[in-house]
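J.: entry-v9.tsv is reproduced below (TSV, N, CA and C atoms).
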chain	number	residue	atom	x	y	z
A	1	MET	N	99.42	65.39	-202.67
A	1	MET	CA	98.39	65.11	-203.65
A	1	MET	C	98.04	66.36	-204.46
A	2	ASP	N	98.07	67.52	-203.81
A	2	ASP	CA	97.78	68.76	-204.54
A	2	ASP	C	98.81	69.03	-205.62
A	3	THR	N	100.06	68.68	-205.34
A	3	THR	CA	101.12	68.90	-206.32
A	3	THR	C	100.89	68.05	-207.56
A	4	LEU	N	100.47	66.81	-207.35
A	4	LEU	CA	100.21	65.93	-208.48
A	4	LEU	C	99.04	66.44	-209.32
A	5	TRP	N	98.02	66.95	-208.67
A	5	TRP	CA	96.87	67.51	-209.39
A	5	TRP	C	97.28	68.75	-210.20
A	6	LEU	N	98.09	69.61	-209.58
A	6	LEU	CA	98.57	70.82	-210.26
A	6	LEU	C	99.41	70.44	-211.49
A	7	LEU	N	100.28	69.46	-211.34
A	7	LEU	CA	101.11	69.01	-212.46
A	7	LEU	C	100.23	68.47	-213.60
A	8	THR	N	99.20	67.71	-213.25
A	8	THR	CA	98.28	67.18	-214.26
A	8	THR	C	97.58	68.30	-215.00
A	9	GLU	N	97.13	69.31	-214.28
A	9	GLU	CA	96.46	70.45	-214.92
A	9	GLU	C	97.40	71.18	-215.88
A	10	ILE	N	98.62	71.40	-215.45
A	10	ILE	CA	99.60	72.09	-216.30
A	10	ILE	C	99.88	71.28	-217.56
A	11	LEU	N	100.03	69.97	-217.43
A	11	LEU	CA	100.30	69.12	-218.59
A	11	LEU	C	99.12	69.11	-219.56
A	12	MET	N	97.91	69.11	-219.04
A	12	MET	CA	96.73	69.12	-219.91
A	12	MET	C	96.62	70.45	-220.68
A	13	ILE	N	96.86	71.55	-220.00
A	13	ILE	CA	96.83	72.86	-220.66
A	13	ILE	C	97.89	72.93	-221.74
A	14	ASN	N	99.08	72.44	-221.44
A	14	ASN	CA	100.17	72.44	-222.42
A	14	ASN	C	99.81	71.58	-223.63
A	15	LEU	N	99.18	70.45	-223.41
A	15	LEU	CA	98.78	69.57	-224.50
A	15	LEU	C	97.76	70.25	-225.41
A	16	VAL	N	96.79	70.92	-224.82
A	16	VAL	CA	95.77	71.62	-225.61
A	16	VAL	C	96.39	72.75	-226.43
A	17	LEU	N	97.26	73.53	-225.81
A	17	LEU	CA	97.88	74.65	-226.52
A	17	LEU	C	98.84	74.17	-227.61
A	18	SER	N	99.51	73.05	-227.39
A	18	SER	CA	100.39	72.50	-228.43
A	18	SER	C	99.59	72.06	-229.64
A	19	GLY	N	98.45	71.45	-229.41
A	19	GLY	CA	97.59	71.04	-230.51
A	19	GLY	C	97.09	72.23	-231.30
A	20	ASP	N	96.77	73.30	-230.61
A	20	ASP	CA	96.32	74.52	-231.25
A	20	ASP	C	97.42	75.09	-232.13
A	21	ASN	N	98.64	75.09	-231.64
A	21	ASN	CA	99.78	75.59	-232.42
A	21	ASN	C	99.99	74.74	-233.67
A	22	ALA	N	99.82	73.44	-233.56
A	22	ALA	CA	100.00	72.56	-234.71
A	22	ALA	C	98.98	72.87	-235.81
A	23	VAL	N	97.77	73.18	-235.42
A	23	VAL	CA	96.74	73.53	-236.40
A	23	VAL	C	97.09	74.83	-237.10
A	24	VAL	N	97.55	75.81	-236.36
A	24	VAL	CA	97.92	77.10	-236.95
A	24	VAL	C	99.09	76.94	-237.92
A	25	ILE	N	100.09	76.16	-237.54
A	25	ILE	CA	101.24	75.93	-238.42
A	25	ILE	C	100.79	75.22	-239.70
A	26	ALA	N	99.93	74.23	-239.56
A	26	ALA	CA	99.43	73.49	-240.73
A	26	ALA	C	98.65	74.41	-241.66
A	27	LEU	N	97.80	75.25	-241.12
A	27	LEU	CA	97.02	76.16	-241.96
A	27	LEU	C	97.91	77.20	-242.64
A	28	ALA	N	98.91	77.67	-241.93
A	28	ALA	CA	99.79	78.69	-242.50
A	28	ALA	C	100.66	78.13	-243.63
A	29	SER	N	100.98	76.85	-243.58
A	29	SER	CA	101.90	76.30	-244.57
A	29	SER	C	101.22	75.44	-245.63
A	30	LYS	N	99.92	75.35	-245.63
A	30	LYS	CA	99.22	74.43	-246.54
A	30	LYS	C	99.38	74.77	-248.01
A	31	ASP	N	99.58	76.02	-248.37
A	31	ASP	CA	99.68	76.41	-249.77
A	31	ASP	C	101.12	76.49	-250.28
A	32	LEU	N	102.08	76.17	-249.44
A	32	LEU	CA	103.48	76.22	-249.85
A	32	LEU	C	103.85	74.98	-250.65
A	33	PRO	N	104.87	75.09	-251.49
A	33	PRO	CA	105.40	73.90	-252.16
A	33	PRO	C	105.93	72.90	-251.11
A	34	PRO	N	105.97	71.62	-251.43
A	34	PRO	CA	106.33	70.61	-250.42
A	34	PRO	C	107.64	70.86	-249.67
A	35	ILE	N	108.67	71.30	-250.38
A	35	ILE	CA	109.95	71.53	-249.69
A	35	ILE	C	109.84	72.69	-248.71
A	36	GLN	N	109.23	73.78	-249.13
A	36	GLN	CA	109.05	74.92	-248.23
A	36	GLN	C	108.09	74.60	-247.10
A	37	ARG	N	107.09	73.79	-247.36
A	37	ARG	CA	106.12	73.40	-246.32
A	37	ARG	C	106.83	72.63	-245.21
A	38	LYS	N	107.70	71.71	-245.60
A	38	LYS	CA	108.44	70.92	-244.61
A	38	LYS	C	109.31	71.84	-243.74
A	39	LYS	N	110.00	72.79	-244.38
A	39	LYS	CA	110.83	73.73	-243.63
A	39	LYS	C	109.97	74.60	-242.70
A	40	ALA	N	108.82	75.05	-243.18
A	40	ALA	CA	107.95	75.90	-242.37
A	40	ALA	C	107.43	75.15	-241.15
A	41	VAL	N	107.09	73.89	-241.33
A	41	VAL	CA	106.61	73.09	-240.20
A	41	VAL	C	107.71	72.91	-239.17
A	42	TRP	N	108.92	72.59	-239.62
A	42	TRP	CA	110.03	72.40	-238.67
A	42	TRP	C	110.35	73.70	-237.95
A	43	TRP	N	110.39	74.82	-238.67
A	43	TRP	CA	110.67	76.10	-238.02
A	43	TRP	C	109.54	76.45	-237.03
A	44	GLY	N	108.32	76.17	-237.42
A	44	GLY	CA	107.21	76.43	-236.53
A	44	GLY	C	107.28	75.62	-235.24
A	45	LEU	N	107.72	74.38	-235.35
A	45	LEU	CA	107.86	73.55	-234.16
A	45	LEU	C	109.02	74.00	-233.28
A	46	LEU	N	110.11	74.43	-233.91
A	46	LEU	CA	111.28	74.83	-233.13
A	46	LEU	C	111.09	76.20	-232.46
A	47	VAL	N	110.43	77.11	-233.13
A	47	VAL	CA	110.32	78.49	-232.64
A	47	VAL	C	109.18	78.67	-231.65
A	48	ARG	N	108.16	77.90	-231.76
A	48	ARG	CA	106.96	78.10	-230.95
A	48	ARG	C	107.31	78.38	-229.56
Would you encode the structure as structure tokens?

T.:
Amino acid sequence: MDTLWLLTEILMINLVLSGDNAVVIALASKDLPPIQRKKAVWWGLLVR
């Protein structure tokens, strides 16, 4: 049971940090032209 609880905690932390990264990527690419914005978002998702 402890293992299941630990796994749940790790998944929740990962979910929160992934959301935070998505916000940073969106803010960093908001002023780019549409084509460059799309590339920046994909690179941000792949490199994170």

J.: Mind giving me the straight-line distance from atom C of A:Asp2 to atom CA of A:Leu17 in Å, one decimal?

T.: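 Calculated distance between atom C of A:Asp2 and atom CA of A:Leu17 is 21.7 Å.
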
J.: If you count only C-alpha atoms, which residues fall within 10 Å of A:Ala40, apart from same-chain ones fewer than 6 positions away, as a count of residues only?

T.: 8

J.: What is the distance, in Å and to one decimal place, between atom CA of A:Val24 and atom CA of A:Leu45?

T.: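 Distance between the two atoms: 10.9 Å.
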
J.: What is the atom C of A:Leu4-atom C of A:Val23 distance in Å, reported with one decimal?

T.: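 Atom C of A:Leu4 sits 29.1 Å away from atom C of A:Val23.
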
J.: So, with all atoms listed in the file as the atoms that count, which of A:Asn21, A:Asp31, A:Leu15, A:Trp5 lies closest to A:Gly44?

T.: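 Using all atoms listed in the file, the shortest distance to A:Gly44 belongs to A:Asn21.
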
J.: Would you mind putting all heavy atoms back on stretch 12-23 of chain A and writing the result as a PDB file, keeping the file's coordinate frame?

T.:
ATOM      1  N   MET A  12      97.910  69.110-219.040  1.00  0.00           N
ATOM      2  CA  MET A  12      96.730  69.120-219.910  1.00  0.00           C
ATOM      3  C   MET A  12      96.620  70.450-220.680  1.00  0.00           C
ATOM      4  O   MET A  12      96.315  70.458-221.872  1.00  0.00           O
ATOM      5  CB  MET A  12      95.455  68.873-219.099  1.00  0.00           C
ATOM      6  CG  MET A  12      95.362  67.469-218.533  1.00  0.00           C
ATOM      7  SD  MET A  12      95.424  66.193-219.782  1.00  0.00           S
ATOM      8  CE  MET A  12      93.870  66.463-220.590  1.00  0.00           C
ATOM      9  N   ILE A  13      96.860  71.550-220.000  1.00  0.00           N
ATOM     10  CA  ILE A  13      96.830  72.860-220.660  1.00  0.00           C
ATOM     11  C   ILE A  13      97.890  72.930-221.740  1.00  0.00           C
ATOM     12  O   ILE A  13      97.631  73.391-222.859  1.00  0.00           O
ATOM     13  CB  ILE A  13      97.002  73.995-219.625  1.00  0.00           C
ATOM     14  CG1 ILE A  13      95.757  74.082-218.743  1.00  0.00           C
ATOM     15  CG2 ILE A  13      97.272  75.327-220.313  1.00  0.00           C
ATOM     16  CD1 ILE A  13      95.930  74.983-217.538  1.00  0.00           C
ATOM     17  N   ASN A  14      99.080  72.440-221.440  1.00  0.00           N
ATOM     18  CA  ASN A  14     100.170  72.440-222.420  1.00  0.00           C
ATOM     19  C   ASN A  14      99.810  71.580-223.630  1.00  0.00           C
ATOM     20  O   ASN A  14     100.082  71.954-224.777  1.00  0.00           O
ATOM     21  CB  ASN A  14     101.453  71.925-221.760  1.00  0.00           C
ATOM     22  CG  ASN A  14     102.648  72.115-222.643  1.00  0.00           C
ATOM     23  OD1 ASN A  14     102.660  72.964-223.525  1.00  0.00           O
ATOM     24  ND2 ASN A  14     103.672  71.314-222.430  1.00  0.00           N
ATOM     25  N   LEU A  15      99.180  70.450-223.410  1.00  0.00           N
ATOM     26  CA  LEU A  15      98.780  69.570-224.500  1.00  0.00           C
ATOM     27  C   LEU A  15      97.760  70.250-225.410  1.00  0.00           C
ATOM     28  O   LEU A  15      97.870  70.192-226.638  1.00  0.00           O
ATOM     29  CB  LEU A  15      98.201  68.276-223.924  1.00  0.00           C
ATOM     30  CG  LEU A  15      97.794  67.205-224.922  1.00  0.00           C
ATOM     31  CD1 LEU A  15      99.016  66.687-225.664  1.00  0.00           C
ATOM     32  CD2 LEU A  15      97.101  66.068-224.194  1.00  0.00           C
ATOM     33  N   VAL A  16      96.790  70.920-224.820  1.00  0.00           N
ATOM     34  CA  VAL A  16      95.770  71.620-225.610  1.00  0.00           C
ATOM     35  C   VAL A  16      96.390  72.750-226.430  1.00  0.00           C
ATOM     36  O   VAL A  16      96.112  72.902-227.621  1.00  0.00           O
ATOM     37  CB  VAL A  16      94.645  72.161-224.696  1.00  0.00           C
ATOM     38  CG1 VAL A  16      93.732  73.108-225.456  1.00  0.00           C
ATOM     39  CG2 VAL A  16      93.842  71.009-224.116  1.00  0.00           C
ATOM     40  N   LEU A  17      97.260  73.530-225.810  1.00  0.00           N
ATOM     41  CA  LEU A  17      97.880  74.650-226.520  1.00  0.00           C
ATOM     42  C   LEU A  17      98.840  74.170-227.610  1.00  0.00           C
ATOM     43  O   LEU A  17      98.942  74.799-228.666  1.00  0.00           O
ATOM     44  CB  LEU A  17      98.604  75.567-225.540  1.00  0.00           C
ATOM     45  CG  LEU A  17      97.693  76.331-224.587  1.00  0.00           C
ATOM     46  CD1 LEU A  17      98.528  77.128-223.594  1.00  0.00           C
ATOM     47  CD2 LEU A  17      96.730  77.225-225.330  1.00  0.00           C
ATOM     48  N   SER A  18      99.510  73.050-227.390  1.00  0.00           N
ATOM     49  CA  SER A  18     100.390  72.500-228.430  1.00  0.00           C
ATOM     50  C   SER A  18      99.590  72.060-229.640  1.00  0.00           C
ATOM     51  O   SER A  18     100.012  72.249-230.776  1.00  0.00           O
ATOM     52  CB  SER A  18     101.186  71.329-227.861  1.00  0.00           C
ATOM     53  OG  SER A  18     102.067  71.763-226.861  1.00  0.00           O
ATOM     54  N   GLY A  19      98.450  71.450-229.410  1.00  0.00           N
ATOM     55  CA  GLY A  19      97.590  71.040-230.510  1.00  0.00           C
ATOM     56  C   GLY A  19      97.090  72.230-231.300  1.00  0.00           C
ATOM     57  O   GLY A  19      97.006  72.193-232.533  1.00  0.00           O
ATOM     58  N   ASP A  20      96.770  73.300-230.610  1.00  0.00           N
ATOM     59  CA  ASP A  20      96.320  74.520-231.250  1.00  0.00           C
ATOM     60  C   ASP A  20      97.420  75.090-232.130  1.00  0.00           C
ATOM     61  O   ASP A  20      97.169  75.508-233.260  1.00  0.00           O
ATOM     62  CB  ASP A  20      95.896  75.529-230.179  1.00  0.00           C
ATOM     63  CG  ASP A  20      95.294  76.787-230.757  1.00  0.00           C
ATOM     64  OD1 ASP A  20      94.606  76.680-231.783  1.00  0.00           O
ATOM     65  OD2 ASP A  20      95.511  77.868-230.180  1.00  0.00           O
ATOM     66  N   ASN A  21      98.640  75.090-231.640  1.00  0.00           N
ATOM     67  CA  ASN A  21      99.780  75.590-232.420  1.00  0.00           C
ATOM     68  C   ASN A  21      99.990  74.740-233.670  1.00  0.00           C
ATOM     69  O   ASN A  21     100.309  75.275-234.734  1.00  0.00           O
ATOM     70  CB  ASN A  21     101.052  75.595-231.586  1.00  0.00           C
ATOM     71  CG  ASN A  21     101.042  76.687-230.547  1.00  0.00           C
ATOM     72  OD1 ASN A  21     100.271  77.623-230.622  1.00  0.00           O
ATOM     73  ND2 ASN A  21     101.890  76.552-229.546  1.00  0.00           N
ATOM     74  N   ALA A  22      99.820  73.440-233.560  1.00  0.00           N
ATOM     75  CA  ALA A  22     100.000  72.560-234.710  1.00  0.00           C
ATOM     76  C   ALA A  22      98.980  72.870-235.810  1.00  0.00           C
ATOM     77  O   ALA A  22      99.316  72.865-236.993  1.00  0.00           O
ATOM     78  CB  ALA A  22      99.877  71.104-234.270  1.00  0.00           C
ATOM     79  N   VAL A  23      97.770  73.180-235.420  1.00  0.00           N
ATOM     80  CA  VAL A  23      96.740  73.530-236.400  1.00  0.00           C
ATOM     81  C   VAL A  23      97.090  74.830-237.100  1.00  0.00           C
ATOM     82  O   VAL A  23      96.970  74.949-238.329  1.00  0.00           O
ATOM     83  CB  VAL A  23      95.353  73.624-235.728  1.00  0.00           C
ATOM     84  CG1 VAL A  23      94.321  74.210-236.667  1.00  0.00           C
ATOM     85  CG2 VAL A  23      94.909  72.261-235.232  1.00  0.00           C
TER      86      VAL A  23
END
